[in-house]
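Okay, data_6.cif now, which holds mmCIF, C-alpha atoms:
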```cif
data_input
loop_
_atom_site.label_atom_id
_atom_site.label_comp_id
_atom_site.auth_asym_id
_atom_site.auth_seq_id
_atom_site.Cartn_x
_atom_site.Cartn_y
_atom_site.Cartn_z
CA SER A 1 0.00 0.00 0.00
CA LEU A 2 1.03 3.62 -0.50
CA GLY A 3 1.81 4.95 2.96
CA GLN A 4 -1.16 5.26 5.24
CA LYS A 5 -4.62 5.88 3.84
CA LEU A 6 -6.50 8.74 5.43
CA GLY A 7 -10.29 8.70 5.46
CA PRO A 8 -12.58 11.61 6.35
CA SER A 9 -13.44 10.06 9.70
CA LYS A 10 -9.84 10.01 10.95
CA VAL A 11 -9.17 13.01 13.20
CA MET A 12 -5.64 14.18 13.93
CA THR A 13 -4.32 17.04 16.02
CA TYR A 14 -2.71 19.63 13.77
CA SER A 15 0.32 21.71 14.56
CA THR A 16 0.71 25.47 14.41
CA LYS A 17 3.82 24.94 12.27
CA ARG A 18 2.31 23.81 9.00
CA ALA A 19 3.67 24.13 5.48
CA VAL A 20 1.31 23.70 2.53
CA VAL A 21 2.88 23.20 -0.90
CA LEU A 22 0.63 23.81 -3.91
CA GLY A 23 1.19 22.79 -7.52
CA ALA A 24 -0.77 23.03 -10.76
CA GLY A 25 -2.92 20.08 -9.73
CA ALA A 26 -4.39 22.18 -6.92
CA SER A 27 -5.37 25.10 -9.16
CA CYS A 28 -7.01 22.71 -11.63
CA SER A 29 -9.75 22.31 -9.02
CA TYR A 30 -11.17 25.68 -10.12
CA THR A 31 -14.29 24.89 -12.17
CA ASP A 32 -16.28 28.14 -11.85
CA SER A 33 -14.57 30.22 -14.54
CA PRO A 34 -17.04 31.97 -16.90
CA THR A 35 -14.74 30.78 -19.71
CA GLY A 36 -15.55 27.15 -18.95
CA GLN A 37 -11.80 26.42 -18.76
CA ARG A 38 -9.57 25.28 -15.92
CA PRO A 39 -6.00 26.51 -15.33
CA PRO A 40 -4.04 24.38 -17.80
CA LEU A 41 -1.17 21.98 -17.24
CA ALA A 42 1.99 22.29 -19.35
CA ASN A 43 0.73 20.27 -22.32
CA GLN A 44 -2.63 22.05 -22.35
CA ILE A 45 -1.48 25.67 -22.78
CA ILE A 46 -2.12 26.11 -26.52
CA PRO A 47 -5.38 24.08 -26.65
CA THR A 48 -6.68 26.17 -23.73
CA TYR A 49 -5.67 29.39 -25.50
CA PHE A 50 -7.79 28.45 -28.53
CA ASN A 51 -10.75 27.77 -26.23
CA LEU A 52 -10.62 31.36 -24.95
CA ASP A 53 -11.94 34.55 -26.57
CA ILE A 54 -8.45 36.07 -26.48
CA SER A 55 -7.47 33.75 -29.35
CA GLU A 56 -9.62 36.04 -31.55
CA ASN A 57 -8.19 39.27 -30.11
CA ARG A 58 -5.60 40.85 -32.42
CA PHE A 59 -4.03 42.69 -29.47
CA VAL A 60 -2.99 39.36 -27.92
CA LEU A 61 0.36 38.76 -29.60
CA VAL A 62 1.43 35.29 -30.74
CA GLY A 63 3.09 36.07 -34.09
CA ASN A 64 6.65 35.26 -33.00
CA ILE A 65 5.51 32.03 -31.39
CA VAL A 66 3.67 31.01 -34.56
CA ASN A 67 6.65 31.88 -36.77
CA PHE A 68 9.15 30.07 -34.56
CA ILE A 69 7.02 26.92 -34.54
CA ARG A 70 6.73 27.21 -38.33
CA ASP A 71 10.51 27.48 -38.71
CA THR A 72 11.49 24.77 -36.20
CA LYS A 73 8.58 22.33 -36.22
CA GLY A 74 7.43 22.69 -39.81
CA ILE A 75 3.89 23.56 -38.72
CA PRO A 76 2.33 26.27 -40.94
CA PRO A 77 0.55 29.19 -39.23
CA GLU A 78 -2.88 27.99 -40.29
CA GLU A 79 -2.25 24.76 -38.37
CA PHE A 80 -0.87 26.40 -35.19
CA SER A 81 -4.01 25.48 -33.26
CA SER A 82 -3.16 21.79 -33.77
CA TRP A 83 0.25 22.10 -32.08
CA ARG A 84 0.34 20.00 -28.89
CA ASP A 85 3.99 19.98 -27.78
CA ASP A 86 4.87 20.12 -24.07
CA ILE A 87 5.31 23.85 -23.41
CA GLU A 88 7.96 23.30 -20.72
CA ARG A 89 10.18 21.33 -23.09
CA PHE A 90 9.54 23.83 -25.90
CA LEU A 91 10.37 26.89 -23.78
CA THR A 92 13.50 25.19 -22.46
CA GLU A 93 14.65 24.70 -26.07
CA ILE A 94 14.12 28.42 -26.75
CA ASP A 95 15.94 29.45 -23.58
CA GLN A 96 18.92 27.21 -24.26
CA GLU A 97 19.27 28.57 -27.80
CA ILE A 98 19.17 32.16 -26.53
CA VAL A 99 21.83 31.32 -23.92
CA SER A 100 24.06 29.72 -26.57
CA LEU A 101 23.71 32.60 -29.06
CA ALA A 102 23.94 35.56 -26.63
CA PRO A 103 27.76 35.35 -26.12
CA ARG A 104 28.26 35.38 -29.89
CA LEU A 105 25.94 38.38 -30.05
CA LYS A 106 28.08 40.25 -27.53
CA GLY A 107 31.17 39.53 -29.59
CA ARG A 108 29.40 40.57 -32.81
CA LYS A 109 30.17 37.15 -34.28
CA LEU A 110 26.65 36.16 -35.33
CA ARG A 111 25.91 35.36 -38.93
CA GLU A 112 22.88 37.07 -40.47
CA GLU A 113 20.63 34.02 -40.10
CA GLU A 114 21.69 33.63 -36.44
CA PHE A 115 20.91 37.29 -35.76
CA LYS A 116 17.43 36.84 -37.22
CA LYS A 117 17.00 33.68 -35.20
CA ILE A 118 17.85 35.22 -31.82
CA ALA A 119 15.49 38.11 -32.53
CA LEU A 120 12.71 35.60 -33.23
CA LEU A 121 13.66 33.52 -30.18
CA GLN A 122 13.50 36.54 -27.87
CA GLY A 123 10.17 37.61 -29.35
CA ALA A 124 8.67 34.15 -28.91
CA TYR A 125 10.00 33.91 -25.35
CA ASN A 126 8.44 37.20 -24.22
CA GLN A 127 5.18 36.54 -26.04
CA LEU A 128 4.90 33.24 -24.18
CA ILE A 129 5.35 35.06 -20.85
CA PHE A 130 2.47 37.39 -21.69
CA LEU A 131 0.40 34.53 -23.08
CA PHE A 132 0.81 32.41 -19.93
CA ALA A 133 -0.36 35.32 -17.79
CA SER A 134 -3.20 36.24 -20.13
CA ILE A 135 -4.60 32.70 -20.23
CA LEU A 136 -4.62 32.54 -16.43
CA ASN A 137 -6.10 36.03 -16.08
CA GLU A 138 -8.98 35.12 -18.39
CA ILE A 139 -9.71 31.88 -16.54
CA GLN A 140 -9.44 33.25 -13.00
CA ASN A 141 -11.62 36.26 -13.89
CA GLY A 142 -14.65 34.77 -12.17
CA PRO A 143 -15.98 33.87 -8.71
CA VAL A 144 -13.62 33.16 -5.84
CA SER A 145 -12.40 29.57 -5.98
CA ILE A 146 -14.45 27.57 -3.47
CA PRO A 147 -11.78 24.86 -2.96
CA TYR A 148 -9.18 27.52 -2.28
CA ALA A 149 -11.61 29.48 -0.09
CA LEU A 150 -12.11 26.37 2.04
CA LEU A 151 -8.34 26.01 2.30
CA ALA A 152 -7.84 29.72 3.06
CA ASN A 153 -10.32 29.55 5.94
CA GLU A 154 -8.25 26.81 7.59
CA LEU A 155 -4.95 28.67 7.31
CA LYS A 156 -3.63 30.63 10.26
CA SER A 157 -0.93 33.22 10.86
CA GLY A 158 1.58 30.54 11.83
CA ASP A 159 1.16 28.66 8.55
CA THR A 160 3.19 28.97 5.36
CA CYS A 161 1.86 28.38 1.84
CA ILE A 162 4.48 27.60 -0.78
CA THR A 163 3.42 27.56 -4.41
CA PHE A 164 5.04 27.10 -7.79
CA ASN A 165 1.87 28.35 -9.53
CA TRP A 166 1.56 31.76 -11.18
CA ASP A 167 -2.22 32.07 -10.87
CA THR A 168 -3.88 34.25 -8.22
CA LEU A 169 -6.74 31.96 -7.24
CA LEU A 170 -5.41 31.46 -3.72
CA ASP A 171 -4.38 35.12 -3.44
CA ARG A 172 -7.97 36.16 -3.98
CA ALA A 173 -9.33 33.48 -1.66
CA LEU A 174 -6.92 34.58 1.07
CA ALA A 175 -7.90 38.23 0.60
CA SER A 176 -11.59 37.28 0.87
CA THR A 177 -11.02 35.98 4.42
CA GLY A 178 -10.20 39.51 5.61
CA THR A 179 -7.04 38.26 7.36
CA TRP A 180 -4.53 38.51 4.50
CA SER A 181 -3.36 41.40 2.33
CA PRO A 182 -1.10 41.63 -0.75
CA VAL A 183 0.63 44.53 1.00
CA ASN A 184 2.43 42.24 3.45
CA GLY A 185 1.14 38.74 2.69
CA TYR A 186 3.79 37.81 0.11
CA ALA A 187 6.61 37.97 2.71
CA ILE A 188 8.45 40.49 0.55
CA LYS A 189 7.93 44.25 0.48
CA PRO A 190 6.74 45.53 -2.90
CA GLU A 191 7.81 48.86 -4.34
CA ALA A 192 4.18 49.84 -4.99
CA ILE A 193 0.67 48.38 -5.06
CA PHE A 194 -1.84 49.04 -7.85
CA ASP A 195 -5.30 49.64 -6.39
CA ASP A 196 -7.08 51.87 -8.93
CA GLY A 197 -3.77 53.64 -9.28
CA TRP A 198 -0.27 53.09 -7.94
CA GLN A 199 0.38 53.65 -4.24
CA SER A 200 3.78 53.47 -2.62
CA ALA A 201 3.95 50.49 -0.30
CA GLU A 202 5.67 52.76 2.21
CA ASN A 203 2.41 54.69 2.56
CA ILE A 204 0.16 51.66 3.02
CA GLN A 205 -0.24 50.14 6.44
CA SER A 206 -1.65 46.65 6.93
CA SER A 207 -2.33 45.15 10.35
CA LEU A 208 -3.61 41.91 8.84
CA ASN A 209 -1.76 38.84 10.04
CA GLY A 210 -2.66 35.96 7.76
CA PRO A 211 -0.49 33.06 6.60
CA GLN A 212 2.83 33.62 4.87
CA TYR A 213 2.36 33.08 1.12
CA LEU A 214 5.55 32.33 -0.84
CA LYS A 215 5.22 32.31 -4.65
CA LEU A 216 8.55 30.82 -5.67
CA HIS A 217 8.01 31.20 -9.42
CA GLY A 218 6.42 34.66 -9.33
CA SER A 219 2.82 35.57 -9.99
CA THR A 220 0.65 36.92 -12.79
CA ASN A 221 -0.10 39.99 -10.63
CA TRP A 222 3.58 40.68 -9.94
CA LEU A 223 4.96 43.17 -12.44
CA THR A 224 8.41 44.23 -13.58
CA PRO A 225 9.66 46.61 -16.31
CA TYR A 226 9.46 45.12 -19.81
CA HIS A 227 12.86 43.57 -20.55
CA PHE A 228 14.58 41.78 -23.40
CA ILE A 229 17.95 40.87 -24.92
CA ASP A 230 19.54 43.98 -26.44
CA LEU A 231 20.59 42.87 -29.93
CA SER A 232 23.36 45.45 -30.02
CA THR A 233 25.07 44.24 -26.82
CA GLY A 234 23.66 40.78 -26.05
CA LYS A 235 22.79 41.95 -22.54
CA ASN A 236 19.42 41.88 -20.82
CA ARG A 237 17.93 45.39 -20.56
CA THR A 238 14.66 47.26 -20.19
CA LEU A 239 13.08 49.84 -22.46
CA SER A 240 13.09 52.24 -19.55
CA GLY A 241 16.57 51.75 -18.15
CA TYR A 242 14.82 50.98 -14.86
CA ALA A 243 16.13 47.96 -12.93
CA ILE A 244 14.04 44.79 -12.74
CA ASN A 245 14.93 43.94 -9.14
CA LYS A 246 11.90 45.71 -7.66
CA LEU A 247 8.51 44.10 -7.10
CA PHE A 248 5.34 45.87 -8.23
CA VAL A 249 2.08 44.22 -7.17
CA TYR A 250 -1.22 44.57 -9.03
CA HIS A 251 -4.29 44.30 -6.79
CA LYS A 252 -7.30 45.61 -8.69
CA ALA A 253 -8.64 48.13 -11.20
CA THR A 254 -12.25 49.26 -11.48
CA THR A 255 -11.48 51.95 -14.07
CA ARG A 256 -9.27 52.26 -17.16
CA TYR A 257 -5.53 52.50 -16.51
CA GLN A 258 -2.58 53.62 -18.62
CA THR A 259 -0.91 50.82 -20.52
CA TYR A 260 0.94 50.11 -23.77
CA GLU A 261 -0.72 51.79 -26.76
CA ASN A 262 -3.81 52.43 -24.57
CA ARG A 263 -4.83 48.82 -25.13
CA TYR A 264 -6.78 48.46 -21.90
CA TRP A 265 -9.96 46.43 -21.78
CA GLY A 266 -11.96 45.28 -18.80
CA PRO A 267 -13.25 45.18 -16.16
CA TYR A 268 -11.63 42.26 -14.40
CA GLU A 269 -11.99 40.76 -10.94
CA PRO A 270 -9.30 41.63 -8.33
CA PHE A 271 -5.83 40.18 -9.00
CA SER A 272 -6.61 39.82 -12.74
CA TYR A 273 -6.16 42.18 -15.70
CA CYS A 274 -6.26 42.15 -19.48
CA TYR A 275 -3.29 41.12 -21.65
CA TYR A 276 -1.61 44.49 -21.01
CA PRO A 277 -0.80 45.30 -17.35
CA PRO A 278 -0.60 48.93 -16.17
CA ASP A 279 2.50 51.03 -16.83
CA LEU A 280 4.77 51.33 -13.81
CA PRO A 281 4.90 54.44 -11.58
CA CYS A 282 8.35 55.65 -12.64
CA GLU A 283 9.81 57.62 -15.53
CA ARG A 284 12.08 56.31 -18.25
CA ASP A 285 15.72 57.18 -17.79
CA ASP A 286 17.32 55.32 -20.69
CA THR A 287 17.65 58.28 -23.06
CA PRO A 288 21.15 59.82 -23.10
CA THR A 289 21.57 63.55 -22.51
CA ASP A 290 20.88 65.67 -25.62
CA TYR A 291 18.85 62.85 -27.20
CA ILE A 292 15.11 62.47 -27.66
CA GLY A 293 13.53 59.05 -27.41
CA ALA A 294 11.35 58.03 -30.37
CA ARG A 295 9.33 54.94 -31.22
CA ILE A 296 7.93 54.07 -34.65
CA VAL A 297 5.04 51.64 -34.96
CA CYS A 298 4.28 50.50 -38.49
CA ALA A 299 1.25 48.33 -39.21
CA PRO A 300 -0.13 48.79 -42.75
CA ASP A 301 -3.19 46.67 -41.96
CA LEU A 302 -3.83 48.54 -38.70
CA PRO A 303 -3.73 52.24 -39.65
CA GLU A 304 -4.51 53.45 -36.13
CA HIS A 305 -1.15 52.01 -35.00
CA ALA A 306 1.02 53.43 -37.78
CA LYS A 307 2.51 56.31 -35.83
CA ILE A 308 5.57 57.89 -34.26
CA THR A 309 5.85 58.52 -30.51
CA ILE A 310 8.42 61.09 -29.37
CA GLY A 311 9.60 61.74 -25.82
CA GLU A 312 7.50 58.99 -24.27
CA LYS A 313 8.05 58.57 -20.52
CA SER A 314 5.94 55.49 -19.78
CA VAL A 315 7.62 52.44 -18.28
CA PHE A 316 5.88 49.46 -19.82
CA SER A 317 5.47 46.43 -17.60
CA MET A 318 5.31 42.66 -17.99
CA PRO A 319 4.37 39.80 -15.65
CA LEU A 320 7.08 38.81 -13.21
CA ILE A 321 6.89 35.05 -13.62
CA VAL A 322 9.72 32.55 -13.84
CA PRO A 323 8.93 30.43 -16.91
CA PRO A 324 9.17 26.62 -16.85
CA VAL A 325 12.66 26.26 -18.28
CA ARG A 326 15.37 24.01 -16.90
CA ASP A 327 17.81 26.79 -15.98
CA LYS A 328 15.58 29.38 -14.34
CA GLN A 329 16.91 32.94 -14.13
CA TYR A 330 16.10 33.71 -10.49
CA LEU A 331 19.08 36.01 -10.01
CA ARG A 332 17.90 38.22 -12.86
CA TYR A 333 15.47 39.79 -10.36
CA GLY A 334 17.97 40.67 -7.65
CA LYS A 335 17.13 39.40 -4.17
CA ILE A 336 13.40 38.91 -4.75
CA PHE A 337 13.57 35.18 -5.27
CA SER A 338 16.59 34.47 -3.08
CA ASP A 339 14.68 35.95 -0.13
CA LEU A 340 11.55 33.96 -0.95
CA TRP A 341 13.45 30.69 -1.38
CA GLY A 342 15.29 31.35 1.88
CA LYS A 343 11.97 31.73 3.70
CA ALA A 344 10.66 28.56 2.05
CA SER A 345 13.76 26.67 3.17
CA HIS A 346 13.25 27.85 6.74
CA SER A 347 9.59 26.83 6.67
CA LEU A 348 10.40 23.33 5.40
CA LEU A 349 13.16 23.00 7.98
CA GLU A 350 10.91 23.95 10.91
CA CYS A 351 7.45 22.60 9.97
CA GLU A 352 5.83 19.83 11.95
CA GLU A 353 3.25 19.02 9.31
CA LEU A 354 3.75 19.20 5.54
CA PHE A 355 1.01 19.01 2.90
CA ILE A 356 1.87 18.45 -0.77
CA ILE A 357 -1.22 19.26 -2.85
CA GLY A 358 -1.14 18.75 -6.62
CA TYR A 359 2.62 19.19 -6.98
CA SER A 360 4.67 16.45 -8.66
CA PHE A 361 8.22 17.90 -8.89
CA PRO A 362 8.48 18.34 -12.69
CA GLN A 363 11.87 17.68 -14.29
CA THR A 364 12.45 21.41 -14.90
CA ASP A 365 12.07 22.06 -11.14
CA TYR A 366 15.29 20.38 -10.05
CA VAL A 367 16.08 23.42 -7.85
CA ALA A 368 12.83 22.79 -5.96
CA LYS A 369 13.85 19.19 -5.44
CA ASP A 370 17.18 20.35 -3.99
CA LEU A 371 15.32 22.77 -1.70
CA PHE A 372 13.16 19.98 -0.25
CA GLN A 373 16.03 17.56 0.05
CA GLU A 374 18.32 19.96 1.90
CA SER A 375 15.61 21.24 4.25
CA LEU A 376 13.67 18.09 5.05
CA LYS A 377 16.76 15.98 5.76
CA LYS A 378 17.62 18.48 8.52
CA ASN A 379 14.08 18.75 9.89
CA ARG A 380 13.86 17.15 13.35
CA ASN A 381 10.30 18.33 14.04
CA LEU A 382 8.41 16.79 11.13
CA GLU A 383 5.66 14.45 12.28
CA LYS A 384 3.54 13.99 9.17
CA VAL A 385 3.66 14.44 5.40
CA THR A 386 0.35 14.34 3.53
CA ILE A 387 0.53 13.80 -0.23
CA TRP A 388 -2.66 14.76 -2.07
CA ASN A 389 -2.20 13.55 -5.64
CA PRO A 390 -4.07 11.11 -7.92
CA SER A 391 -0.75 9.42 -8.85
CA PRO A 392 1.28 9.41 -5.63
CA THR A 393 3.52 6.36 -6.10
CA ASN A 394 6.60 8.20 -7.40
CA LEU A 395 6.11 11.02 -4.91
CA GLU A 396 6.04 8.68 -1.93
CA LYS A 397 9.22 7.05 -3.18
CA LEU A 398 10.84 10.47 -3.69
CA PHE A 399 10.06 11.54 -0.12
CA MET A 400 11.42 8.29 1.32
CA ASP A 401 14.50 7.80 -0.87
CA ASP A 402 15.60 11.37 -1.60
CA PHE A 403 14.18 13.42 1.27
CA GLY A 404 14.74 10.88 4.05
CA ILE A 405 11.15 10.71 5.32
CA ASP A 406 10.14 7.53 7.14
CA LYS A 407 7.25 5.73 5.49
CA SER A 408 5.28 5.73 8.75
CA LYS A 409 5.05 9.53 8.56
CA ILE A 410 3.64 9.63 5.02
CA TYR A 411 -0.12 9.81 4.50
CA ILE A 412 -1.65 9.44 1.06
CA ARG A 413 -4.77 10.96 -0.45
CA ALA A 414 -4.69 9.32 -3.87
CA GLU A 415 -7.16 11.65 -5.56
CA LYS A 416 -7.44 15.05 -7.19
CA PHE A 417 -7.66 18.09 -4.93
CA ASP A 418 -11.43 18.46 -4.61
CA PRO A 419 -12.58 19.52 -1.11
CA LEU A 420 -16.15 19.86 -2.41
CA LYS A 421 -16.51 16.09 -2.42
CA GLN A 422 -16.68 16.24 1.37
CA PRO A 423 -17.16 19.93 2.21
CA ALA A 424 -17.70 19.26 5.89
CA SER A 425 -14.29 17.60 6.25
CA ARG A 426 -11.11 19.42 7.16
CA ILE A 427 -8.60 19.82 4.32
CA LEU A 428 -5.49 20.04 6.48
CA PHE A 429 -5.80 16.91 8.63
#
```
Before we go any further, please render this structure as structure tokens.
Amino acid sequence: SLGQKLGPSKVMTYSTKRAVVLGAGASCSYTDSPTGQRPPLANQIIPTYFNLDISENRFVLVGNIVNFIRDTKGIPPEEFSSWRDDIERFLTEIDQEIVSLAPRLKGRKLREEEFKKIALLQGAYNQLIFLFASILNEIQNGPVSIPYALLANELKSGDTCITFNWDTLLDRALASTGTWSPVNGYAIKPEAIFDDGWQSAENIQSSLNGPQYLKLHGSTNWLTPYHFIDLSTGKNRTLSGYAINKLFVYHKATTRYQTYENRYWGPYEPFSYCYYPPDLPCERDDTPTDYIGARIVCAPDLPEHAKITIGEKSVFSMPLIVPPVRDKQYLRYGKIFSDLWGKASHSLLECEELFIIGYSFPQTDYVAKDLFQESLKKNRNLEKVTIWNPSPTNLEKLFMDDFGIDKSKIYIRAEKFDPLKQPASRILF
């Protein structure tokens, strides 16, 4: 048998030191989206996109993705909707090619076809970041998730939630309890919070004392200046010259906000926004003295966007999410992720009860595996590990063989995360 089977009638005393780890399998429990879609797993990204209205929206950009798949997979644009590759493997391929070509770009040693390729690679990479966030924003733009609301109501100030998900379903559920706030609930101080306009986090006080919520791969509502590989230097840079080591948090918008090319549409529920997030509350400083910044947008088939912008000061933003590639660029964002991972390590080292809900340690998350291994092997307080997963066999083996957890401490719930099956039962037991 797989560990010890827990039934709803078994009652156990729970500790104040609890760590709850959430993966994509937990968010898939959300079934109330007006879109009729659930947050997708890695191999469901593109099919889910074509089931959403944004697939018909010309302001949602996928051109570089389509062209790259055409050039590398031989799939013509008109058949893009039939593409079913694993997005994690695909994005890792893009990332590795960018990494291999960037040094040659710095040394100005790229051939013409390689230069064109890295430009296409970078475009596809950034469009995928926006597309991931947009798909999740469309799906989570509905009622508060009941499964997550049930979980949020059981969490206390001494608990820690650790997630590798980008969606904000739990964020919204936590906020609905009235005990958690995005101002201080992410365990990292943001530069500013967007709540119908940007407000400096220094000027916002929050006395709420909910659970610590650690989003180790970022979040769709975390924003950073738009950045890319500079094709003249091979270095990562922003359009604004503004550093990307600051965290900007989007909470909600009930009115139109300023964004790229004024392409706002809405409204959206809290923690969600349209494809284009709001511009950041800082001015561009990338234009050298005695120069004037200019931007030319040419689109013969879209006359309203064939224009020249001079002296623009807006700092365009993009979602601060760490994409599912093998070599994740955590250090790109300064200390944001090192601080979060440090807090996660401490939580796993000190917890007395650990819940793994819908997380299966994907191959591209080898850093996460190292985190658990290093922390849990040193944990002398751990009494119980509950694995909530429909296919728990490999996970149980991982916890015993790699993390050093005795089988007697492992409890299995071999099913999908669905608290509504037994709504009267406690989730964290």
> Applied to the shown file, which residues does the PyMOL selection byres ((chain A and resi 178-193) around 6) return, written as a ChimeraX atom specification?
Replying inline: /A:174-177,194,198-201,208-210,212-214,247-250
Export C-alpha atoms of the chosen residues as an mmCIF file, in the frame of the given file?
```cif
data_model
loop_
_atom_site.group_PDB
_atom_site.id
_atom_site.type_symbol
_atom_site.label_atom_id
_atom_site.label_comp_id
_atom_site.auth_asym_id
_atom_site.auth_seq_id
_atom_site.Cartn_x
_atom_site.Cartn_y
_atom_site.Cartn_z
ATOM 1 C CA LEU A 174 -6.920 34.580 1.070
ATOM 2 C CA ALA A 175 -7.900 38.230 0.600
ATOM 3 C CA SER A 176 -11.590 37.280 0.870
ATOM 4 C CA THR A 177 -11.020 35.980 4.420
ATOM 5 C CA PHE A 194 -1.840 49.040 -7.850
ATOM 6 C CA TRP A 198 -0.270 53.090 -7.940
ATOM 7 C CA GLN A 199 0.380 53.650 -4.240
ATOM 8 C CA SER A 200 3.780 53.470 -2.620
ATOM 9 C CA ALA A 201 3.950 50.490 -0.300
ATOM 10 C CA LEU A 208 -3.610 41.910 8.840
ATOM 11 C CA ASN A 209 -1.760 38.840 10.040
ATOM 12 C CA GLY A 210 -2.660 35.960 7.760
ATOM 13 C CA GLN A 212 2.830 33.620 4.870
ATOM 14 C CA TYR A 213 2.360 33.080 1.120
ATOM 15 C CA LEU A 214 5.550 32.330 -0.840
ATOM 16 C CA LEU A 247 8.510 44.100 -7.100
ATOM 17 C CA PHE A 248 5.340 45.870 -8.230
ATOM 18 C CA VAL A 249 2.080 44.220 -7.170
ATOM 19 C CA TYR A 250 -1.220 44.570 -9.030
#
```
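Those residues returned by the PyMOL selection byres ((chain A and resi 141-156) around 7) for this file are Ser29, Tyr30, Asp32, Ser33, Pro34, Asn137, Glu138, Ile139, Gln140, Ser157, Gly158, Asp159, Leu169, Leu170, Arg172, Ala173, Leu174, Thr177, Gly210, Pro211, Tyr268, Glu269, Ser272, Asp418, Pro419, Leu420 and Ile427 of chain A.
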> Contacts of region 216-227 of chain A at 9 Å or less, counting all atoms listed in the file, minus same-chain residues fewer than 6 places along, as a VMD selection string?
Replying inline: chain A and resid 126 132 to 134 136 to 137 162 to 168 236 to 251 271 to 273 277 to 280 315 to 324 330 333 337 340 to 341 344
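Taken over the whole file, the PyMOL selection byres ((chain A and resi 79-83) around 9) covers exactly Ile46, Pro47, Tyr49, Phe50, Val66, Ile69, Arg70, Ile75, Pro76, Pro77, Glu78, Arg84 and Asp85 of chain A.
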> Counting all atoms listed in the file, which of A:Leu231, A:Ile45, A:Leu131, A:Ile98 gets nearest to Asp86 (chain A)?
Replying inline: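 Answer, going by the shortest atom-to-atom distance: A:Ile45.
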>> Counting only C-alpha atoms, which residue out of A:Thr255, A:Asn51, A:Lys235, A:Leu376 sits closest to Val99 (chain A)?
In response: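 Once distances to Val99 (chain A) are computed over only C-alpha atoms, the minimum belongs to A:Lys235.
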>> Considering only C-alpha atoms, can you say which of A:His346, A:Ile65, A:Ile87, A:Thr233 comes closest to Arg108 (chain A)?
In response: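 Using only C-alpha atoms, Arg108 (chain A) sits closest to A:Thr233.
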